[in-house]
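**Student:** This is the structure, below, for whatever I ask next.
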Amino acid sequence: MGLAPATIHAVILAFAHCVPMLVPLLFLARRYRTRNPFAAAGLAIVLCVFDEIVLDLPISTLGLKWNWLGKLLESLWPFLVVLIFRLPKKITGFRLPERPDLYLTACAMGIGLTCFHIYYFLQGQFVARDRTDFESILFQFTMPGLGEEVFYRGLLLGVLDKWLGRPWNVLGVKIGFGCLISSGIFVIAHVVDISKDYKIALCPDPFFYFFVSAVALTMCYLRYKSESILPCILAHNIVNGMRYVVSAIAYMIQG
């Protein structure tokens, strides 16, 4: 796929991920008199479009199975936005957590979310055998959380919170519509896909919707609790990586 078709595909995909969440929630945001819901919607769409464009860039994988460079770029471009527009680190979470023990909290949350995979393991559903090699495990323990948390719980959540505010107190942290919108977009991005020939595919597994929602909301809570995206990256990568490790062990036992 060339650059122009890839860009068109990315724009369509981004709108498909954003619109189902933005329309109803921004209607509620306006009703509850948040600061500027329409500006928040526009910024969210622009950011999601750019994120999809980066992920859809027709770049070489260097002979590797996974899109290492795409994930790396996904984690780098939000930093450029923060630097160019001088967004406060407190809003974006692009800083160290105030308490080191929050890394332990992140590990506990990551292991807790990993337990959701037991649902699949008990049914004999493991990662494909050819995806349990060293590269795949290393990728899952490093890149998914790095790319997705920097964008979803860093830049996107920070921008939405700046425009919509955080008026509610839940479990000791203040949250707002930004948490719901960014989590919703995150979920839809994981369960809705549009192929290169523009065919829509939905995840057929209802439990996966619940699982991804739990991950998104937990990461938002951890982001607010720590005021940093670093614990979120750690927890997210534990969730992804452990599924591949357990699958690899299961295949080793089976022979």
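By order of appearance in the structure tokens: chains A, B, ..., then residues from 1 within every chain, and ligands from 1 in the order shown.
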Show me, as a PDB file with C-alpha atoms, in the first residue's frame, the residues that have an atom within 9 Å of range 104-111 of chain A when counting only C-alpha atoms, minus same-chain residues fewer than 5 positions from it.

**Tutor:**
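The resulting file, result.pdb, is reproduced below:
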```
ATOM      1  CA  VAL A 215      -7.637  -2.748  30.756  1.00  0.00           C
ATOM      2  CA  THR A 218      -7.573   0.353  34.920  1.00  0.00           C
ATOM      3  CA  MET A 219      -4.875   2.171  32.954  1.00  0.00           C
ATOM      4  CA  LEU A 222      -3.331   4.153  37.299  1.00  0.00           C
ATOM      5  CA  PRO A 231       3.388   2.806  35.501  1.00  0.00           C
ATOM      6  CA  CYS A 232       0.720   2.405  32.799  1.00  0.00           C
ATOM      7  CA  ILE A 233       3.340   1.311  30.280  1.00  0.00           C
ATOM      8  CA  LEU A 234       4.693  -1.239  32.764  1.00  0.00           C
ATOM      9  CA  ALA A 235       1.258  -2.666  33.643  1.00  0.00           C
ATOM     10  CA  HIS A 236       0.130  -2.801  30.016  1.00  0.00           C
ATOM     11  CA  ASN A 237       3.233  -4.666  28.880  1.00  0.00           C
ATOM     12  CA  ILE A 238       2.865  -7.194  31.695  1.00  0.00           C
ATOM     13  CA  VAL A 239      -0.700  -7.922  30.551  1.00  0.00           C
ATOM     14  CA  ASN A 240       0.412  -8.456  26.948  1.00  0.00           C
ATOM     15  CA  MET A 242       2.382 -12.784  30.183  1.00  0.00           C
TER      16      MET A 242
END
```

**Student:** Could you tell me how far CA of Asn169 in chain A sits from CA of Leu96 in chain A, in Å to one decimal place?

**Tutor:**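 Interatomic distance here is 23.0 Å.
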
**Student:** Considering only C-alpha atoms, state which residue in the set A:Tyr224, A:Phe134, A:Phe38, A:Phe211 is at the smallest distance from Cys115 in chain A.

**Tutor:** A:Phe211

**Student:** Using only C-alpha atoms for the distances, tell me which of A:Ile84, A:Val192, A:Leu57, A:Leu157 is nearest to Phe15 in chain A.

**Tutor:**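 For Phe15 in chain A, the nearest of the candidates is A:Val192.
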
**Student:** Any idea what the distance is between CA of Leu217 in chain A and CA of Glu135 in chain A?

**Tutor:** 28.6 Å

**Student:** As a list in words, list the residues of range 42-174 of chain A assigned to strand (DSSP E or B) by DSSP on the backbone atoms of this structure.

**Tutor:**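 DSSP-assigned strand (DSSP E or B) residues in range 42-174 of chain A: Trp168, Asn169, Val170, Val173 and Lys174 of chain A.
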
**Student:** Of the candidates A:Cys203, A:Val187, A:Leu230, A:Leu171, which shows the shortest atom-to-atom distance to Gly154 in chain A, using only C-alpha atoms?

**Tutor:**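 Using only C-alpha atoms, Gly154 in chain A sits closest to A:Leu230.
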
**Student:** Between CA of Val54 in chain A and CA of Gln140 in chain A, what distance in Å does the model show, to one decimal?

**Tutor:**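 Between these atoms lies a distance of 19.2 Å.
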
**Student:** So which residues of range 76-218 of chain A fall under alpha helix (DSSP H) by DSSP, listed as a PyMOL selection string?

**Tutor:** chain A and resi 76-85+89-92+102-114+118-121+134-140+143-148+157-164+177-191+206-218

**Student:** Which one of A:Gly172, A:Ile185, A:Met252, A:Pro5 sits closest to Asp197 in chain A if you count only C-alpha atoms?

**Tutor:**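 Going through A:Gly172, A:Ile185, A:Met252, A:Pro5 one by one, the smallest distance to Asp197 in chain A is for A:Pro5.
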
**Student:** Met143 in chain A: which residues within 9 Å, counting only C-alpha atoms, same-chain residues fewer than 2 positions away excluded, as a count of residues only?

**Tutor:** 14

**Student:** Can you tell me, as a PyMOL selection string, what residues are no more than 9 Å from His117 in chain A when counting only C-alpha atoms, ignoring any on the same chain fewer than 3 positions away?

**Tutor:** chain A and resi 113-114+120-122+211+239+243

**Student:** Please dump the current selection as an mmCIF file, in the first residue's frame; keep C-alpha atoms.

**Tutor:**
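Resulting contents of selection32.cif:
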```cif
data_model
loop_
_atom_site.group_PDB
_atom_site.id
_atom_site.type_symbol
_atom_site.label_atom_id
_atom_site.label_comp_id
_atom_site.auth_asym_id
_atom_site.auth_seq_id
_atom_site.Cartn_x
_atom_site.Cartn_y
_atom_site.Cartn_z
ATOM 1 C CA LEU A 113 -5.451 -8.096 34.544
ATOM 2 C CA THR A 114 -3.397 -11.024 33.271
ATOM 3 C CA TYR A 120 -9.020 -18.366 27.383
ATOM 4 C CA PHE A 121 -6.385 -20.712 28.751
ATOM 5 C CA LEU A 122 -9.029 -22.960 30.336
ATOM 6 C CA PHE A 211 -11.402 -7.518 28.962
ATOM 7 C CA VAL A 239 -0.700 -7.922 30.551
ATOM 8 C CA ARG A 243 -0.167 -14.172 27.738
#
```

**Student:** With distances taken over only C-alpha atoms, which residue among A:Pro144, A:Ile194, A:Ala214, A:Ser183 lies nearest Gly112 in chain A?

**Tutor:** A:Ala214

**Student:** Neighbouring residues of Trp77 in chain A were defined as those with any atom within 10 Å, considering only C-alpha atoms; residues of the same chain fewer than 3 positions away were excluded. Please report them as a compact mmCIF listing (two decimals) with N, CA and C atoms, in the first residue's frame.

**Tutor:**
```
# COMPACT_ATOMS: atom_id res chain seq x y z
N PHE A 50 -3.88 11.15 13.16
CA PHE A 50 -2.42 11.16 13.03
C PHE A 50 -1.82 9.87 13.57
N ASP A 51 -2.39 9.35 14.66
CA ASP A 51 -1.88 8.10 15.22
C ASP A 51 -2.05 6.95 14.25
N VAL A 54 0.46 7.19 11.39
CA VAL A 54 1.79 6.71 11.79
C VAL A 54 1.84 5.18 11.77
N LEU A 72 7.34 2.24 17.73
CA LEU A 72 8.29 3.23 18.22
C LEU A 72 7.89 4.63 17.79
N LEU A 73 7.48 4.78 16.53
CA LEU A 73 7.02 6.08 16.05
C LEU A 73 5.75 6.52 16.77
N GLU A 74 4.86 5.55 17.08
CA GLU A 74 3.64 5.89 17.81
C GLU A 74 3.96 6.44 19.20
N LEU A 80 6.71 14.90 20.57
CA LEU A 80 6.94 16.09 19.76
C LEU A 80 5.80 17.09 19.91
N VAL A 81 4.57 16.58 19.94
CA VAL A 81 3.40 17.46 20.13
C VAL A 81 3.50 18.18 21.47
N VAL A 82 3.85 17.43 22.50
CA VAL A 82 3.97 18.02 23.84
C VAL A 82 5.05 19.09 23.86
N LEU A 83 6.17 18.84 23.21
CA LEU A 83 7.26 19.81 23.19
C LEU A 83 6.91 21.04 22.37
N GLY A 147 3.76 2.22 23.00
CA GLY A 147 3.06 2.99 21.96
C GLY A 147 1.68 3.44 22.39
N VAL A 150 1.46 5.94 25.76
CA VAL A 150 1.92 7.30 25.47
C VAL A 150 0.84 8.07 24.73
N PHE A 151 0.14 7.38 23.83
CA PHE A 151 -0.92 8.07 23.08
C PHE A 151 -2.23 8.15 23.85
N LEU A 155 -1.12 11.60 25.74
CA LEU A 155 -1.53 12.78 24.97
C LEU A 155 -3.04 12.91 24.84
```

**Student:** Select, from A:Arg131, A:Lys174, A:Arg153, A:Lys65, the residue with the minimum atom-to-atom distance to Phe94 in chain A, counting only C-alpha atoms.

**Tutor:**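 Looking at the shortest contact to Phe94 in chain A, the residue is A:Arg153.
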
**Student:** Near Val127 in chain A, counting only C-alpha atoms, which residues have an atom at most 9 Å away, once you skip same-chain residues fewer than 3 positions from it, shown as a list of chain:residue names?

**Tutor:**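 Contacts, with the query itself left out: A:Asp130, A:Arg131, A:Thr132, A:Arg243, A:Tyr244, A:Val246, A:Ser247, A:Ala248.
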
**Student:** With C-alpha atoms kept, could you save the residues just selected as a short mmCIF file (atom, residue, chain, number, x, y, z; two decimals), in the first residue's frame?

**Tutor:**
```
data_model
loop_
_atom_site.label_atom_id
_atom_site.label_comp_id
_atom_site.auth_asym_id
_atom_site.auth_seq_id
_atom_site.Cartn_x
_atom_site.Cartn_y
_atom_site.Cartn_z
CA ASP A 130 4.55 -19.41 15.70
CA ARG A 131 3.95 -16.28 17.77
CA THR A 132 5.62 -17.59 20.92
CA ARG A 243 -0.17 -14.17 27.74
CA TYR A 244 2.63 -15.01 25.33
CA VAL A 246 2.08 -18.75 29.36
CA SER A 247 1.28 -19.83 25.81
CA ALA A 248 4.94 -20.65 25.16
#
```
